[in-house]
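J.: Pasting in a structure now, in structure tokens, and then I'll have a few things to ask.
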Amino acid sequence: MLFTEMGLSPDILKGIEALNFEKPTPIQEKVIPVLKKNMCDIIGIAQTGTGKTAAFGLPAIEAINIANKQPQLLILSPTRELCIQIANDLENYGRYVNGLRITSVYGGASMENQIKSLKQGVHVVVATPGRIHDLIRRRKVNLSGISTLVLDEADEMLNMGFREDVDAILSQTPENKTTLLFSATMEPGVAAIARNYMREPSEITAGKKNESTANVSHVYHMVHARDRYNTLKRVLDFHPGIYGIVFCRTRQETKDVSAKLVRDGYNAEALHGDLSQPQRDHIMQKFRSAALNVLVATDVAARGLDVDSLTHVINYNLPDDTGVYTHRSGRTGRAGKEGMSVSIINLKERGRITQIERSIRKKFEHRPVPGGTDICERQLFSMLERMQNSNVVHNRIDPYMDKVYGMLEDLSKEEIVKRFVSLEFNRFLEYYRNAPDLNVEMKKRRKSNAEGTEQKSNGGSMARIVFNIGKGKNITRRDIIDMLVKAPGARNAEIGKIEIYRRASSVEVENRVVKNVLGELNRTIYRGIRVEAEENRNFRGNDFRDRHKGPRGIKRKAS
Ligand code: ADP
Ligand code: MG
């Protein structure tokens, strides 16, 4: 199908042409004709990077009555980067639609200016839930004329704890509007939103749900938690020419990892929520233009980044959520290119791999962490390849050659080659001279499981902290991490698995900080919330079993 066969108006078609979109993507092909016929409620599920913005954006723009200068299309999106990106995309689609006005409102920027632009009269508002909720409370935005509401990246909005804001915003919009929900994954929270807010929505899926891109291979390395960073370095060294994102769990972790990488001579930077907007823009710009080849980021920070040619995605930590894994790995292997998603896991996380495999319907390959010899070989070949492919600009270099030959006269060809290679290569040879094997044996794992001493084989380094509140009180992973990192010493500590059940939740942290964390939490958090550490040996076995059964409550041995 072509864009011209979808019933779109000439103005919009002109905009698409200017963007050089040749033909619609699968989700666009399925969604646009339906909405052009009738603006009905739709749930659209398609992977990241498949063109969802135009799928809802083109028909939604056409449904606008330009003469009526009040907001008619409201798009909610989880981050300011995405808001900006969506607003920008819509501007492009509607470039030839006379009089169309679009604005975006999001946190972390002056509210004054946003209010001003709203006052000038706009047709489309692209917003983060937090900021527009705020504007509604201040009566600075009127949503009574909204005819189309879009929940973009609905799964992520829920993950970020925007549930209450979304509820409040929706209650301010007219009953008889069209609601469109877009998401890369269809998880229970998303289904619940659909149930609560949508009227007989049709579900449109392009590609299988939660299925990862066909040309991404999924690889994991299993190491001790303490070897995570060194494993990351090996992965980077083993892939000369890598252009990828390293995903971390917390802001602090992105900072730590990127600082270490820079110290160790890599071209890396961190992207996280503590940066100012200009700083973020600057880093993203550098990464987009490939002036930076490794970006260390949290999921949220990396959301707004649209880069097509990533060679690798590295999971420095596995996400708790399978949908997040799909998002991450979907950032590589785009535009017909091969991509690889590499996960660095510790012993305890093997079960998560099985879970993810089931969900994305793809097998992971367990690959050994590259050893020193492998890496040196790779680096060497890559260097020779670069040499073979290098441009020789004869007229520029020729004038120097006589002198060069003169200086090298006494060396044989073999000797010259060896020295040039060493020059580039000694760094790796030296670093990896006595490099230890970082792999954790599978055999050991099975044995220790049987004996219930898996924790010990991990150096007994992690402990679990349990809270007596959970989903029932709307606690989110983010809340837990936020609480944890406030404790002295905990900022740099490794955070393990986080589990949230109905009436309890738990988080694993390094043993060495448990005392501090407990002290801090019990001192600062609300009365009535109880926090306690659980004995290692009590939870190991349960944890493992629970995971396979799909846990619904923390089982604890009566003590
Ligand atoms: P999603 O929201 O599904 O993650 P986006 O809507 O952000 O994806 O689109 C991803 C990229 O693909 C953007 O750069 C967009 O301009 C581009 N794109 C969208 N539709 C098409 C199309 N039909 N042809 C070519 N490129 C497209
Ligand atoms: Mg999108």
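By order in the structure tokens, chains are A, B, ...; within a chain, residues start at 1; ligands start at 1, following the order shown.
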Fewer than 2 positions away in the same chain doesn't count, so skip those; otherwise give me all residues within 10 Å of A:Thr322, counting only C-alpha atoms, as an MDAnalysis selection string.

T.: chainID A and resid 185 187 210 318:320 324:328 352:353 355:360

J.: Distance limit 10 Å, reference ligand 1, atoms considered: only C-alpha atoms and all ligand atoms. Which residues make the cut? Give them as an MDAnalysis selection string.

T.: chainID A and resid 2:3 16:17 19:29 44:57 82 85:86 88:89 92:93 152:153 182:184 303:308 327 330:331 334:335

J.: Might you pull out every residue within 10 Å of A:Ser309, with only C-alpha atoms counted and same-chain residues fewer than 4 positions away left off, and present them as a VMD selection string?

T.: chain A and resid 243 to 244 288 290 331 to 339

J.: Please produce an output containing C-alpha atoms for each residue in the selection, written as an mmCIF file, in the first residue's frame.

T.:
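Okay, this is what ended up in part_16.cif:
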data_model
loop_
_atom_site.group_PDB
_atom_site.id
_atom_site.type_symbol
_atom_site.label_atom_id
_atom_site.label_comp_id
_atom_site.auth_asym_id
_atom_site.auth_seq_id
_atom_site.Cartn_x
_atom_site.Cartn_y
_atom_site.Cartn_z
ATOM 1 C CA TYR A 243 28.601 1.963 18.252
ATOM 2 C CA GLY A 244 26.267 1.237 21.066
ATOM 3 C CA ARG A 288 24.113 10.843 16.895
ATOM 4 C CA ALA A 290 29.072 9.241 16.122
ATOM 5 C CA ARG A 331 17.385 -0.252 19.355
ATOM 6 C CA THR A 332 19.875 -2.311 17.446
ATOM 7 C CA GLY A 333 19.348 -4.358 14.281
ATOM 8 C CA ARG A 334 17.356 -1.592 12.632
ATOM 9 C CA ALA A 335 17.100 -0.603 9.011
ATOM 10 C CA GLY A 336 17.996 -4.108 7.873
ATOM 11 C CA LYS A 337 21.326 -4.121 9.684
ATOM 12 C CA GLU A 338 22.562 -6.846 12.003
ATOM 13 C CA GLY A 339 22.553 -6.025 15.679
#

J.: Pull the strand (DSSP E or B) assignments for stretch 191-281 of chain A out of DSSP run on the backbone, and list those residues as a VMD selection string.

T.: chain A and resid 202 to 206 216 to 222 244 to 248 268 to 271

J.: Go ahead and write the residues just picked, N, CA and C atoms, as a compact mmCIF listing (two decimals), in the first residue's frame.

T.:
# COMPACT_ATOMS: atom_id res chain seq x y z
N SER A 202 -9.97 -1.55 19.19
CA SER A 202 -9.44 -2.65 18.37
C SER A 202 -7.95 -2.71 18.64
N GLU A 203 -7.45 -3.91 18.76
CA GLU A 203 -6.02 -4.06 18.99
C GLU A 203 -5.33 -4.34 17.67
N ILE A 204 -4.37 -3.49 17.34
CA ILE A 204 -3.65 -3.68 16.08
C ILE A 204 -2.18 -3.92 16.39
N THR A 205 -1.70 -5.05 15.94
CA THR A 205 -0.32 -5.40 16.24
C THR A 205 0.45 -5.53 14.94
N ALA A 206 1.61 -4.93 14.90
CA ALA A 206 2.48 -5.13 13.75
C ALA A 206 3.69 -5.87 14.24
N VAL A 216 18.36 -9.24 15.31
CA VAL A 216 19.14 -9.00 16.52
C VAL A 216 19.50 -10.36 17.12
N SER A 217 20.77 -10.55 17.43
CA SER A 217 21.12 -11.77 18.15
C SER A 217 21.28 -11.42 19.63
N HIS A 218 20.88 -12.36 20.46
CA HIS A 218 20.89 -12.14 21.90
C HIS A 218 21.95 -13.01 22.54
N VAL A 219 22.85 -12.35 23.24
CA VAL A 219 24.00 -13.05 23.77
C VAL A 219 24.12 -12.71 25.25
N TYR A 220 24.54 -13.67 26.07
CA TYR A 220 24.85 -13.27 27.44
C TYR A 220 26.18 -13.84 27.90
N HIS A 221 26.81 -13.11 28.80
CA HIS A 221 28.02 -13.56 29.45
C HIS A 221 27.70 -13.73 30.92
N MET A 222 28.13 -14.83 31.50
CA MET A 222 27.82 -15.02 32.92
C MET A 222 29.09 -14.87 33.74
N GLY A 244 27.37 1.81 20.31
CA GLY A 244 26.27 1.24 21.07
C GLY A 244 25.93 1.95 22.36
N ILE A 245 24.86 1.46 22.98
CA ILE A 245 24.41 2.00 24.26
C ILE A 245 24.61 0.95 25.35
N VAL A 246 25.18 1.37 26.46
CA VAL A 246 25.30 0.51 27.62
C VAL A 246 24.19 0.91 28.59
N PHE A 247 23.27 -0.01 28.84
CA PHE A 247 22.14 0.33 29.71
C PHE A 247 22.42 -0.01 31.16
N CYS A 248 22.22 0.98 32.03
CA CYS A 248 22.42 0.77 33.45
C CYS A 248 21.09 0.97 34.16
N ALA A 268 33.43 7.44 25.76
CA ALA A 268 32.10 7.18 26.32
C ALA A 268 31.59 8.38 27.09
N GLU A 269 30.26 8.49 27.20
CA GLU A 269 29.68 9.48 28.09
C GLU A 269 28.37 8.97 28.65
N ALA A 270 27.97 9.57 29.76
CA ALA A 270 26.73 9.13 30.40
C ALA A 270 25.58 10.05 30.05
N LEU A 271 24.40 9.46 29.89
CA LEU A 271 23.17 10.23 29.66
C LEU A 271 22.19 9.84 30.75

J.: What is the distance, in Å and to one decimal place, between atom CA of A:Leu13 and atom CA of A:Leu149?

T.: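 Atom CA of A:Leu149 lies 22.8 Å from atom CA of A:Leu13.
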
J.: Nearest residue to A:Gly94 out of A:Arg512, A:Lys69, A:His123, A:Arg138, using only C-alpha atoms?

T.: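 Nearest to A:Gly94: A:His123.
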
J.: Residues near A:Leu521, anyone? I mean within 8 Å using only C-alpha atoms, not counting same-chain ones fewer than 5 positions away, as a PyMOL selection string.

T.: chain A and resi 483-484+487+531

J.: Between atom CA of A:Asn98 and atom CA of A:Thr173, what is the spacing in Å?

T.: 26.0 Å

J.: Can you pull out the residues contacting A:Glu62? Cut-off 12 Å, using only C-alpha atoms, and skip same-chain residues under 4 positions away; I want them as number ranges by chain.

T.: A: 7-13, 32, 35-39, 54, 56-58, 66, 72-73, 90, 93-94, 96-98, 100, 123-124, 147-148

J.: May I have the selected residues written with C-alpha atoms, as a PDB file, in the first residue's frame?

T.:
ATOM      1  CA  GLY A   7      -7.299   8.625   1.941  1.00  0.00           C
ATOM      2  CA  LEU A   8      -4.883  11.232   3.319  1.00  0.00           C
ATOM      3  CA  SER A   9      -5.295  14.848   2.256  1.00  0.00           C
ATOM      4  CA  PRO A  10      -2.990  16.479  -0.317  1.00  0.00           C
ATOM      5  CA  ASP A  11      -1.457  18.788   2.315  1.00  0.00           C
ATOM      6  CA  ILE A  12      -0.416  15.888   4.485  1.00  0.00           C
ATOM      7  CA  LEU A  13       0.842  13.905   1.493  1.00  0.00           C
ATOM      8  CA  ILE A  32      -3.994   4.886   9.165  1.00  0.00           C
ATOM      9  CA  LEU A  35      -8.599   5.908  11.531  1.00  0.00           C
ATOM     10  CA  LYS A  36      -9.176   7.709   8.245  1.00  0.00           C
ATOM     11  CA  LYS A  37     -12.455   5.879   7.947  1.00  0.00           C
ATOM     12  CA  ASN A  38     -13.535   6.462  11.514  1.00  0.00           C
ATOM     13  CA  MET A  39     -11.665   7.905  14.499  1.00  0.00           C
ATOM     14  CA  ALA A  54       3.035   8.883  12.031  1.00  0.00           C
ATOM     15  CA  PHE A  56      -1.452   8.052  14.916  1.00  0.00           C
ATOM     16  CA  GLY A  57      -0.135  11.504  13.979  1.00  0.00           C
ATOM     17  CA  LEU A  58      -1.223  11.699  10.339  1.00  0.00           C
ATOM     18  CA  ILE A  66      -8.125  24.439  12.159  1.00  0.00           C
ATOM     19  CA  GLN A  72      -8.231  19.160  20.063  1.00  0.00           C
ATOM     20  CA  LEU A  73      -5.416  16.642  20.011  1.00  0.00           C
ATOM     21  CA  LEU A  90       4.015  16.445  13.849  1.00  0.00           C
ATOM     22  CA  TYR A  93       3.815  16.094   8.856  1.00  0.00           C
ATOM     23  CA  GLY A  94       1.668  19.211   9.079  1.00  0.00           C
ATOM     24  CA  TYR A  96       1.664  22.286   4.597  1.00  0.00           C
ATOM     25  CA  VAL A  97      -1.464  22.350   6.711  1.00  0.00           C
ATOM     26  CA  ASN A  98      -2.281  26.032   6.850  1.00  0.00           C
ATOM     27  CA  LEU A 100      -1.846  24.307  12.283  1.00  0.00           C
ATOM     28  CA  HIS A 123      -4.563  22.728  18.183  1.00  0.00           C
ATOM     29  CA  VAL A 124      -2.143  20.084  19.396  1.00  0.00           C
ATOM     30  CA  SER A 147     -11.427  15.086  20.436  1.00  0.00           C
ATOM     31  CA  THR A 148      -8.404  12.790  20.195  1.00  0.00           C
TER      32      THR A 148
END

J.: Find, counting only C-alpha atoms and all ligand atoms, the residue in A:Ile500, A:Met407, A:Ile84, A:Val257 that gets nearest to ligand 2.

T.: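 Result for the nearest residue to ligand 2: A:Ile84.
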
J.: Grab the atom CA of A:Gly496 to atom CA of A:Glu508 distance for me, in Å with one decimal place.

T.: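 If I compute the distance from atom CA of A:Gly496 to atom CA of A:Glu508, I get 4.5 Å.
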
J.: Name the residues of stretch 65-153 of chain A that come out as alpha helix (DSSP H) in a backbone DSSP run; write them as a PyMOL selection string.

T.: chain A and resi 80-93+111-119+129-137

J.: Output N, CA and C atoms for every residue in the selection just made, as an mmCIF file, in the first residue's frame.

T.:
data_model
loop_
_atom_site.group_PDB
_atom_site.id
_atom_site.type_symbol
_atom_site.label_atom_id
_atom_site.label_comp_id
_atom_site.auth_asym_id
_atom_site.auth_seq_id
_atom_site.Cartn_x
_atom_site.Cartn_y
_atom_site.Cartn_z
ATOM 1 N N ARG A 80 10.433 14.322 28.364
ATOM 2 C CA ARG A 80 10.473 15.574 27.609
ATOM 3 C C ARG A 80 11.116 15.378 26.237
ATOM 4 N N GLU A 81 12.131 14.502 26.171
ATOM 5 C CA GLU A 81 12.753 14.265 24.861
ATOM 6 C C GLU A 81 11.727 13.754 23.865
ATOM 7 N N LEU A 82 10.916 12.791 24.329
ATOM 8 C CA LEU A 82 9.914 12.244 23.423
ATOM 9 C C LEU A 82 8.889 13.298 23.037
ATOM 10 N N CYS A 83 8.495 14.125 23.993
ATOM 11 C CA CYS A 83 7.541 15.194 23.672
ATOM 12 C C CYS A 83 8.096 16.072 22.562
ATOM 13 N N ILE A 84 9.337 16.466 22.736
ATOM 14 C CA ILE A 84 9.956 17.350 21.747
ATOM 15 C C ILE A 84 10.015 16.648 20.400
ATOM 16 N N GLN A 85 10.395 15.385 20.444
ATOM 17 C CA GLN A 85 10.515 14.632 19.199
ATOM 18 C C GLN A 85 9.164 14.487 18.497
ATOM 19 N N ILE A 86 8.147 14.158 19.276
ATOM 20 C CA ILE A 86 6.819 13.976 18.687
ATOM 21 C C ILE A 86 6.313 15.297 18.104
ATOM 22 N N ALA A 87 6.455 16.382 18.889
ATOM 23 C CA ALA A 87 5.986 17.676 18.407
ATOM 24 C C ALA A 87 6.705 18.034 17.116
ATOM 25 N N ASN A 88 7.974 17.751 17.078
ATOM 26 C CA ASN A 88 8.777 18.034 15.904
ATOM 27 C C ASN A 88 8.311 17.201 14.701
ATOM 28 N N ASP A 89 8.051 15.912 14.948
ATOM 29 C CA ASP A 89 7.549 15.048 13.872
ATOM 30 C C ASP A 89 6.218 15.582 13.348
ATOM 31 N N LEU A 90 5.328 15.959 14.275
ATOM 32 C CA LEU A 90 4.015 16.445 13.849
ATOM 33 C C LEU A 90 4.139 17.748 13.046
ATOM 34 N N GLU A 91 5.049 18.623 13.480
ATOM 35 C CA GLU A 91 5.294 19.856 12.717
ATOM 36 C C GLU A 91 5.650 19.502 11.279
ATOM 37 N N ASN A 92 6.489 18.493 11.135
ATOM 38 C CA ASN A 92 6.899 18.091 9.793
ATOM 39 C C ASN A 92 5.736 17.531 8.969
ATOM 40 N N TYR A 93 4.952 16.661 9.600
ATOM 41 C CA TYR A 93 3.815 16.094 8.856
ATOM 42 C C TYR A 93 2.854 17.204 8.427
ATOM 43 N N MET A 111 7.724 27.090 32.922
ATOM 44 C CA MET A 111 6.298 26.917 32.728
ATOM 45 C C MET A 111 5.717 28.168 32.081
ATOM 46 N N GLU A 112 6.330 29.276 32.384
ATOM 47 C CA GLU A 112 5.897 30.574 31.863
ATOM 48 C C GLU A 112 5.736 30.534 30.342
ATOM 49 N N ASN A 113 6.810 30.106 29.678
ATOM 50 C CA ASN A 113 6.793 30.081 28.213
ATOM 51 C C ASN A 113 5.744 29.114 27.683
ATOM 52 N N GLN A 114 5.623 27.999 28.411
ATOM 53 C CA GLN A 114 4.647 27.012 27.950
ATOM 54 C C GLN A 114 3.231 27.572 28.077
ATOM 55 N N ILE A 115 2.982 28.291 29.159
ATOM 56 C CA ILE A 115 1.662 28.893 29.349
ATOM 57 C C ILE A 115 1.396 29.922 28.251
ATOM 58 N N LYS A 116 2.450 30.680 27.942
ATOM 59 C CA LYS A 116 2.323 31.701 26.907
ATOM 60 C C LYS A 116 1.903 31.054 25.579
ATOM 61 N N SER A 117 2.583 29.972 25.220
ATOM 62 C CA SER A 117 2.271 29.372 23.920
ATOM 63 C C SER A 117 0.876 28.751 23.937
ATOM 64 N N LEU A 118 0.456 28.245 25.092
ATOM 65 C CA LEU A 118 -0.910 27.711 25.178
ATOM 66 C C LEU A 118 -1.925 28.831 24.977
ATOM 67 N N LYS A 119 -1.618 29.978 25.557
ATOM 68 C CA LYS A 119 -2.536 31.120 25.485
ATOM 69 C C LYS A 119 -2.729 31.607 24.064
ATOM 70 N N PRO A 129 2.848 13.670 31.427
ATOM 71 C CA PRO A 129 1.685 13.678 32.318
ATOM 72 C C PRO A 129 1.863 14.614 33.511
ATOM 73 N N GLY A 130 3.058 14.648 34.092
ATOM 74 C CA GLY A 130 3.281 15.460 35.278
ATOM 75 C C GLY A 130 3.030 16.940 35.003
ATOM 76 N N ARG A 131 3.612 17.454 33.920
ATOM 77 C CA ARG A 131 3.503 18.874 33.643
ATOM 78 C C ARG A 131 2.086 19.278 33.247
ATOM 79 N N ILE A 132 1.448 18.471 32.430
ATOM 80 C CA ILE A 132 0.115 18.931 32.017
ATOM 81 C C ILE A 132 -0.868 18.827 33.176
ATOM 82 N N HIS A 133 -0.653 17.859 34.039
ATOM 83 C CA HIS A 133 -1.502 17.772 35.228
ATOM 84 C C HIS A 133 -1.360 19.052 36.051
ATOM 85 N N ASP A 134 -0.145 19.469 36.189
ATOM 86 C CA ASP A 134 0.148 20.709 36.896
ATOM 87 C C ASP A 134 -0.574 21.894 36.247
ATOM 88 N N LEU A 135 -0.480 21.967 34.926
ATOM 89 C CA LEU A 135 -1.111 23.073 34.200
ATOM 90 C C LEU A 135 -2.633 23.022 34.328
ATOM 91 N N ILE A 136 -3.161 21.816 34.394
ATOM 92 C CA ILE A 136 -4.614 21.688 34.560
ATOM 93 C C ILE A 136 -5.015 22.247 35.922
ATOM 94 N N ARG A 137 -4.237 21.855 36.955
ATOM 95 C CA ARG A 137 -4.550 22.337 38.308
ATOM 96 C C ARG A 137 -4.469 23.857 38.394
#

J.: Which of these, A:Leu429, A:Val513, A:Ala490, A:Ala154, has the shortest distance to A:Ala463 once you count only C-alpha atoms?

T.: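 Result for the nearest residue to A:Ala463: A:Val513.
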
J.: Would you kindly return, as an mmCIF file with N, CA and C atoms, in the first residue's frame, each protein, DNA or RNA residue with an atom no farther than 6 Å from any atom of A:Phe467, considering only C-alpha atoms and excluding same-chain residues fewer than 4 positions away?

T.:
data_model
loop_
_atom_site.group_PDB
_atom_site.id
_atom_site.type_symbol
_atom_site.label_atom_id
_atom_site.label_comp_id
_atom_site.auth_asym_id
_atom_site.auth_seq_id
_atom_site.Cartn_x
_atom_site.Cartn_y
_atom_site.Cartn_z
ATOM 1 N N ALA A 504 3.953 -6.616 49.461
ATOM 2 C CA ALA A 504 5.345 -6.600 49.892
ATOM 3 C C ALA A 504 6.219 -6.348 48.678
ATOM 4 N N SER A 505 7.415 -5.880 48.965
ATOM 5 C CA SER A 505 8.354 -5.749 47.866
ATOM 6 C C SER A 505 9.746 -5.991 48.423
ATOM 7 N N SER A 506 10.677 -6.246 47.554
ATOM 8 C CA SER A 506 12.011 -6.541 48.045
ATOM 9 C C SER A 506 13.037 -6.050 47.049
ATOM 10 N N ARG A 530 7.509 -1.025 57.197
ATOM 11 C CA ARG A 530 8.559 -1.784 57.864
ATOM 12 C C ARG A 530 9.576 -2.266 56.850
ATOM 13 N N VAL A 531 10.821 -2.175 57.250
ATOM 14 C CA VAL A 531 11.878 -2.629 56.364
ATOM 15 C C VAL A 531 12.760 -3.567 57.142
#
